[in-house]
file data_15.pdb (PDB, C-alpha atoms)
ATOM      1  CA  MET M   1     -20.027   7.828 -10.084
ATOM      2  CA  GLN M   2     -20.647   4.142  -9.432
ATOM      3  CA  LEU M   3     -20.205   2.717  -5.944
ATOM      4  CA  ILE M   4     -18.361  -0.582  -5.528
ATOM      5  CA  GLU M   5     -18.703  -2.598  -2.326
ATOM      6  CA  CYS M   6     -15.315  -3.595  -0.893
ATOM      7  CA  PRO M   7     -15.680  -6.712   1.325
ATOM      8  CA  TRP M   8     -13.508  -4.994   3.991
ATOM      9  CA  CYS M   9     -14.191  -1.254   3.641
ATOM     10  CA  GLY M  10     -17.781  -1.088   2.405
ATOM     11  CA  ALA M  11     -19.118   0.986  -0.491
ATOM     12  CA  ARG M  12     -16.601   3.334  -2.119
ATOM     13  CA  GLU M  13     -16.396   5.306  -5.378
ATOM     14  CA  GLU M  14     -15.240   3.367  -8.427
ATOM     15  CA  ALA M  15     -12.162   5.603  -8.829
ATOM     16  CA  GLU M  16     -10.636   3.812  -5.798
ATOM     17  CA  PHE M  17     -10.611   0.430  -7.574
ATOM     18  CA  HIS M  18      -8.619  -1.265 -10.314
ATOM     19  CA  TYR M  19      -9.886  -4.069 -12.533
ATOM     20  CA  GLY M  20      -7.766  -7.219 -12.389
ATOM     21  CA  GLY M  21      -9.252  -9.447 -15.082
ATOM     22  CA  GLN M  22     -11.211 -12.654 -15.002
ATOM     23  CA  ALA M  23     -11.484 -14.377 -11.621
ATOM     24  CA  HIS M  24     -10.767 -18.044 -10.938
ATOM     25  CA  VAL M  25      -8.167 -18.502 -13.683
ATOM     26  CA  ALA M  26      -5.983 -21.390 -12.561
ATOM     27  CA  HIS M  27      -2.202 -21.011 -12.881
ATOM     28  CA  PRO M  28      -0.478 -23.814 -14.838
ATOM     29  CA  GLU M  29       0.996 -26.436 -12.527
ATOM     30  CA  ASP M  30       4.226 -26.582 -14.544
ATOM     31  CA  PRO M  31       4.466 -23.445 -16.722
ATOM     32  CA  HIS M  32       7.806 -24.560 -18.196
ATOM     33  CA  ALA M  33       6.137 -27.650 -19.676
ATOM     34  CA  LEU M  34       3.701 -25.585 -21.777
ATOM     35  CA  ASP M  35       4.402 -24.942 -25.418
ATOM     36  CA  ASP M  36       4.034 -21.428 -26.852
ATOM     37  CA  GLU M  37       0.411 -21.920 -27.885
ATOM     38  CA  GLN M  38      -0.635 -23.260 -24.462
ATOM     39  CA  TRP M  39       1.202 -20.427 -22.686
ATOM     40  CA  ALA M  40      -0.415 -17.828 -24.961
ATOM     41  CA  ARG M  41      -3.855 -19.295 -24.216
ATOM     42  CA  TYR M  42      -3.179 -18.990 -20.476
ATOM     43  CA  VAL M  43      -1.820 -15.435 -20.665
ATOM     44  CA  PHE M  44      -4.060 -13.819 -23.281
ATOM     45  CA  PHE M  45      -7.294 -15.774 -23.771
ATOM     46  CA  ARG M  46     -10.139 -14.867 -21.434
ATOM     47  CA  ASP M  47     -13.880 -15.335 -21.531
ATOM     48  CA  ASN M  48     -15.946 -12.370 -22.676
ATOM     49  CA  PRO M  49     -19.565 -13.243 -21.843
ATOM     50  CA  LYS M  50     -22.644 -11.101 -22.111
ATOM     51  CA  GLY M  51     -24.161 -11.083 -18.614
ATOM     52  CA  PRO M  52     -22.845 -12.184 -15.198
ATOM     53  CA  PHE M  53     -19.055 -12.559 -15.089
ATOM     54  CA  ALA M  54     -16.649 -13.264 -12.207
ATOM     55  CA  GLU M  55     -13.850 -10.672 -12.058
ATOM     56  CA  ARG M  56     -10.905  -9.728  -9.844
ATOM     57  CA  TRP M  57     -10.747  -6.212  -8.396
ATOM     58  CA  ALA M  58      -8.275  -4.389  -6.156
ATOM     59  CA  HIS M  59      -9.222  -1.634  -3.714
ATOM     60  CA  ALA M  60      -6.114   0.349  -4.678
ATOM     61  CA  ALA M  61      -6.942   3.618  -2.890
ATOM     62  CA  GLY M  62      -8.303   1.913   0.216
ATOM     63  CA  CYS M  63      -7.284  -1.307   1.956
ATOM     64  CA  ARG M  64      -5.251  -2.403  -1.111
ATOM     65  CA  ARG M  65      -6.740  -5.904  -0.969
ATOM     66  CA  TRP M  66      -7.867  -8.039  -3.895
ATOM     67  CA  PHE M  67     -11.401  -9.425  -4.033
ATOM     68  CA  ASN M  68     -13.723 -11.069  -6.534
ATOM     69  CA  ALA M  69     -16.934  -9.624  -7.897
ATOM     70  CA  LEU M  70     -19.775 -11.003  -9.960
ATOM     71  CA  ARG M  71     -20.620  -8.184 -12.381
ATOM     72  CA  ASP M  72     -23.153  -7.999 -15.192
ATOM     73  CA  THR M  73     -21.228  -6.992 -18.325
ATOM     74  CA  VAL M  74     -24.366  -5.578 -19.956
ATOM     75  CA  THR M  75     -25.573  -3.284 -17.163
ATOM     76  CA  HIS M  76     -22.213  -2.942 -15.306
ATOM     77  CA  GLU M  77     -24.116  -3.734 -12.086
ATOM     78  CA  PHE M  78     -22.144  -5.486  -9.359
ATOM     79  CA  LEU M  79     -24.294  -8.476  -8.413
ATOM     80  CA  ALA M  80     -22.059  -9.707  -5.578
ATOM     81  CA  VAL M  81     -18.599  -9.249  -4.094
ATOM     82  CA  TYR M  82     -16.680 -11.910  -2.197
ATOM     83  CA  ARG M  83     -13.211 -12.419  -0.776
ATOM     84  CA  VAL M  84     -10.506 -14.270  -2.694
ATOM     85  CA  GLY M  85     -10.641 -17.911  -1.654
ATOM     86  CA  ASP M  86     -14.391 -17.858  -0.988
ATOM     87  CA  PRO M  87     -16.602 -19.754  -3.427
ATOM     88  CA  PRO M  88     -18.519 -17.745  -6.026
ATOM     89  CA  PRO M  89     -22.061 -16.827  -4.936
ATOM     90  CA  PRO M  90     -25.048 -18.669  -6.396
ATOM     91  CA  ASP M  91     -25.600 -17.686  -9.994
ATOM     92  CA  PRO M  92     -28.471 -15.205 -10.497
ATOM     93  CA  GLY M  93     -29.762 -16.479 -13.824
ATOM     94  CA  THR M  94     -27.444 -17.518 -16.609
ATOM     95  CA  ALA M  95     -24.282 -19.324 -15.598
ATOM     96  CA  PRO M  96     -21.264 -17.003 -15.728
ATOM     97  CA  ALA M  97     -17.912 -18.182 -17.014
ATOM     98  CA  THR M  98     -16.196 -18.292 -13.627
ATOM     99  CA  HIS M  99     -13.800 -21.232 -13.846
ATOM    100  CA  ARG M 100     -11.156 -21.541 -16.545
ATOM    101  CA  THR M 101      -8.371 -24.107 -16.350
ATOM    102  CA  ALA M 102      -5.077 -24.153 -18.237
ATOM    103  CA  PRO M 103      -3.433 -27.520 -19.017
ATOM    104  CA  GLY M 104      -2.065 -28.999 -15.768
ATOM    105  CA  ALA M 105      -3.422 -26.067 -13.745
ATOM    106  CA  GLN M 106      -3.769 -25.552 -10.017
ATOM    107  CA  PRO M 107      -5.936 -22.849  -8.381
ATOM    108  CA  ARG M 108      -4.211 -19.523  -7.654
ATOM    109  CA  GLN M 109      -6.294 -18.694  -4.604
ATOM    110  CA  GLY M 110      -3.351 -18.527  -2.209
ATOM    111  CA  GLN M 111      -1.357 -16.396  -4.642
ATOM    112  CA  GLU M 112      -4.117 -13.798  -5.126
ATOM    113  CA  ALA M 113      -4.714 -13.066  -1.453
ATOM    114  CA  THR M 114      -3.003 -10.207   0.321
ATOM    115  CA  SER M 115      -2.910  -9.532   4.032
TER
END
call {"tool": "encode", "arguments": {"input": "data_15.pdb", "output": "structure tokens"}}
result
Amino acid sequence: MQLIECPWCGAREEAEFHYGGQAHVAHPEDPHALDDEQWARYVFFRDNPKGPFAERWAHAAGCRRWFNALRDTVTHEFLAVYRVGDPPPPDPGTAPATHRTAPGAQPRQGQEATS
């Protein structure tokens, strides 16, 4: 069993967590102005790098809060965890795909946070 470090609760078993997709994906500023292709790109297209990758995770069986993690997709090692709204940690090696912007997008940081 792999341990994942929750920024609030500390290290817990992976069964307590749920994967939430790529981190730092900006929500379109005016979603109604997007055509079908632009909307599909926002909803379905995500980066799939080999190596460090910024992801969203939820501690579902613990504090129920969302957080971001920098995880190596080759080794599955969690390189860093950080709270939603905090900047990504310095990149350990190759630059991960951490920032993706849809046409006319604004950051979702306030929308991802839970109290």
call {"tool": "residues_around", "arguments": {"input": "data_15.pdb", "residues": "Pro7 in chain M", "least_positions_apart": "6", "cutoff": "12 Å", "atoms": "only C-alpha atoms", "output": "ChimeraX atom specification"}}
result
/M:57-59,62-69,80-84,86
call {"tool": "atom_distance", "arguments": {"input": "data_15.pdb", "atom1": "CA of Thr75 in chain M", "atom2": "CA of Glu5 in chain M"}}
result
16.4 Å
call {"tool": "axis_aligned_box", "arguments": {"input": "data_15.pdb", "around": "range 28-32 of chain M", "padding_each_side": "5 Å", "output": "JSON"}}
result
{"center_x": 3.7, "center_y": -25.0, "center_z": -15.4, "size_x": 18.3, "size_y": 13.1, "size_z": 15.7}
call {"tool": "atom_distance", "arguments": {"input": "data_15.pdb", "atom1": "CA of Arg12 in chain M", "atom2": "CA of Pro90 in chain M"}}
result
24.0 Å
call {"tool": "atom_distance", "arguments": {"input": "data_15.pdb", "atom1": "CA of Met1 in chain M", "atom2": "CA of Arg46 in chain M"}}
result
27.2 Å
call {"tool": "closest_residue", "arguments": {"input": "data_15.pdb", "among": "M:Leu79, M:Ala54, M:Pro49, M:Pro88", "to": "Ile4 in chain M", "atoms": "all atoms listed in the file"}}
result
M:Leu79
call {"tool": "residues_around", "arguments": {"input": "data_15.pdb", "residues": "Ala61 in chain M", "least_positions_apart": "5", "cutoff": "12 Å", "atoms": "only C-alpha atoms", "output": "VMD selection string"}}
result
chain M and resid 6 9 12 to 18 66
call {"tool": "resolve_selection", "arguments": {"input": "data_15.pdb", "expression": "the PyMOL selection byres ((chain M and resi 45) around 12)", "output": "JSON, numbers by chain"}}
result
{"M": [21, 22, 25, 37, 38, 39, 40, 41, 42, 43, 44, 46, 47, 48, 100, 101, 102]}
call {"tool": "closest_residue", "arguments": {"input": "data_15.pdb", "among": "M:Lys50, M:His32, M:Arg56, M:Arg71", "to": "Gly20 in chain M", "atoms": "only C-alpha atoms"}}
result
M:Arg56
call {"tool": "closest_residue", "arguments": {"input": "data_15.pdb", "among": "M:Leu34, M:Leu3, M:Ala26, M:Val74", "to": "Gly51 in chain M", "atoms": "all atoms listed in the file"}}
result
M:Val74
call {"tool": "closest_residue", "arguments": {"input": "data_15.pdb", "among": "M:Pro87, M:Tyr19, M:Ala11, M:Glu29", "to": "Ala60 in chain M", "atoms": "all atoms listed in the file"}}
result
M:Tyr19
call {"tool": "build_atoms", "arguments": {"input": "data_15.pdb", "residues": "range 52-66 of chain M", "atoms": "N, CA, C and O atoms", "output": "mmCIF file, keeping the file's coordinate frame"}}
result
data_model
loop_
_atom_site.group_PDB
_atom_site.id
_atom_site.type_symbol
_atom_site.label_atom_id
_atom_site.label_comp_id
_atom_site.auth_asym_id
_atom_site.auth_seq_id
_atom_site.Cartn_x
_atom_site.Cartn_y
_atom_site.Cartn_z
ATOM 1 N N PRO M 52 -23.635 -12.029 -16.419
ATOM 2 C CA PRO M 52 -22.845 -12.184 -15.198
ATOM 3 C C PRO M 52 -21.454 -12.757 -15.486
ATOM 4 O O PRO M 52 -21.310 -13.693 -16.269
ATOM 5 N N PHE M 53 -20.441 -12.171 -14.847
ATOM 6 C CA PHE M 53 -19.055 -12.559 -15.089
ATOM 7 C C PHE M 53 -18.256 -12.352 -13.806
ATOM 8 O O PHE M 53 -18.340 -11.297 -13.176
ATOM 9 N N ALA M 54 -17.472 -13.359 -13.413
ATOM 10 C CA ALA M 54 -16.649 -13.264 -12.207
ATOM 11 C C ALA M 54 -15.336 -12.562 -12.548
ATOM 12 O O ALA M 54 -14.622 -12.979 -13.461
ATOM 13 N N GLU M 55 -15.021 -11.500 -11.794
ATOM 14 C CA GLU M 55 -13.850 -10.672 -12.058
ATOM 15 C C GLU M 55 -13.044 -10.470 -10.786
ATOM 16 O O GLU M 55 -13.559 -10.602 -9.685
ATOM 17 N N ARG M 56 -11.775 -10.101 -10.959
ATOM 18 C CA ARG M 56 -10.905 -9.728 -9.844
ATOM 19 C C ARG M 56 -10.820 -8.215 -9.796
ATOM 20 O O ARG M 56 -10.693 -7.556 -10.821
ATOM 21 N N TRP M 57 -10.861 -7.660 -8.589
ATOM 22 C CA TRP M 57 -10.747 -6.212 -8.396
ATOM 23 C C TRP M 57 -9.818 -5.943 -7.227
ATOM 24 O O TRP M 57 -9.730 -6.741 -6.298
ATOM 25 N N ALA M 58 -9.139 -4.812 -7.262
ATOM 26 C CA ALA M 58 -8.275 -4.389 -6.156
ATOM 27 C C ALA M 58 -8.767 -3.047 -5.642
ATOM 28 O O ALA M 58 -9.070 -2.143 -6.430
ATOM 29 N N HIS M 59 -8.849 -2.916 -4.323
ATOM 30 C CA HIS M 59 -9.222 -1.634 -3.714
ATOM 31 C C HIS M 59 -7.925 -0.844 -3.529
ATOM 32 O O HIS M 59 -7.385 -0.733 -2.427
ATOM 33 N N ALA M 60 -7.438 -0.272 -4.621
ATOM 34 C CA ALA M 60 -6.114 0.349 -4.678
ATOM 35 C C ALA M 60 -5.978 1.584 -3.791
ATOM 36 O O ALA M 60 -4.925 1.810 -3.207
ATOM 37 N N ALA M 61 -7.019 2.383 -3.680
ATOM 38 C CA ALA M 61 -6.942 3.618 -2.890
ATOM 39 C C ALA M 61 -7.526 3.437 -1.492
ATOM 40 O O ALA M 61 -7.742 4.417 -0.789
ATOM 41 N N GLY M 62 -7.752 2.195 -1.111
ATOM 42 C CA GLY M 62 -8.303 1.913 0.216
ATOM 43 C C GLY M 62 -7.438 0.898 0.930
ATOM 44 O O GLY M 62 -6.259 1.140 1.191
ATOM 45 N N CYS M 63 -7.992 -0.269 1.193
ATOM 46 C CA CYS M 63 -7.284 -1.307 1.956
ATOM 47 C C CYS M 63 -6.224 -2.035 1.130
ATOM 48 O O CYS M 63 -5.458 -2.809 1.677
ATOM 49 N N ARG M 64 -6.218 -1.818 -0.178
ATOM 50 C CA ARG M 64 -5.251 -2.403 -1.111
ATOM 51 C C ARG M 64 -5.381 -3.923 -1.225
ATOM 52 O O ARG M 64 -4.455 -4.602 -1.646
ATOM 53 N N ARG M 65 -6.520 -4.461 -0.884
ATOM 54 C CA ARG M 65 -6.740 -5.904 -0.969
ATOM 55 C C ARG M 65 -7.448 -6.261 -2.272
ATOM 56 O O ARG M 65 -8.226 -5.480 -2.817
ATOM 57 N N TRP M 66 -7.186 -7.487 -2.729
ATOM 58 C CA TRP M 66 -7.867 -8.039 -3.895
ATOM 59 C C TRP M 66 -9.147 -8.737 -3.436
ATOM 60 O O TRP M 66 -9.198 -9.319 -2.349
#
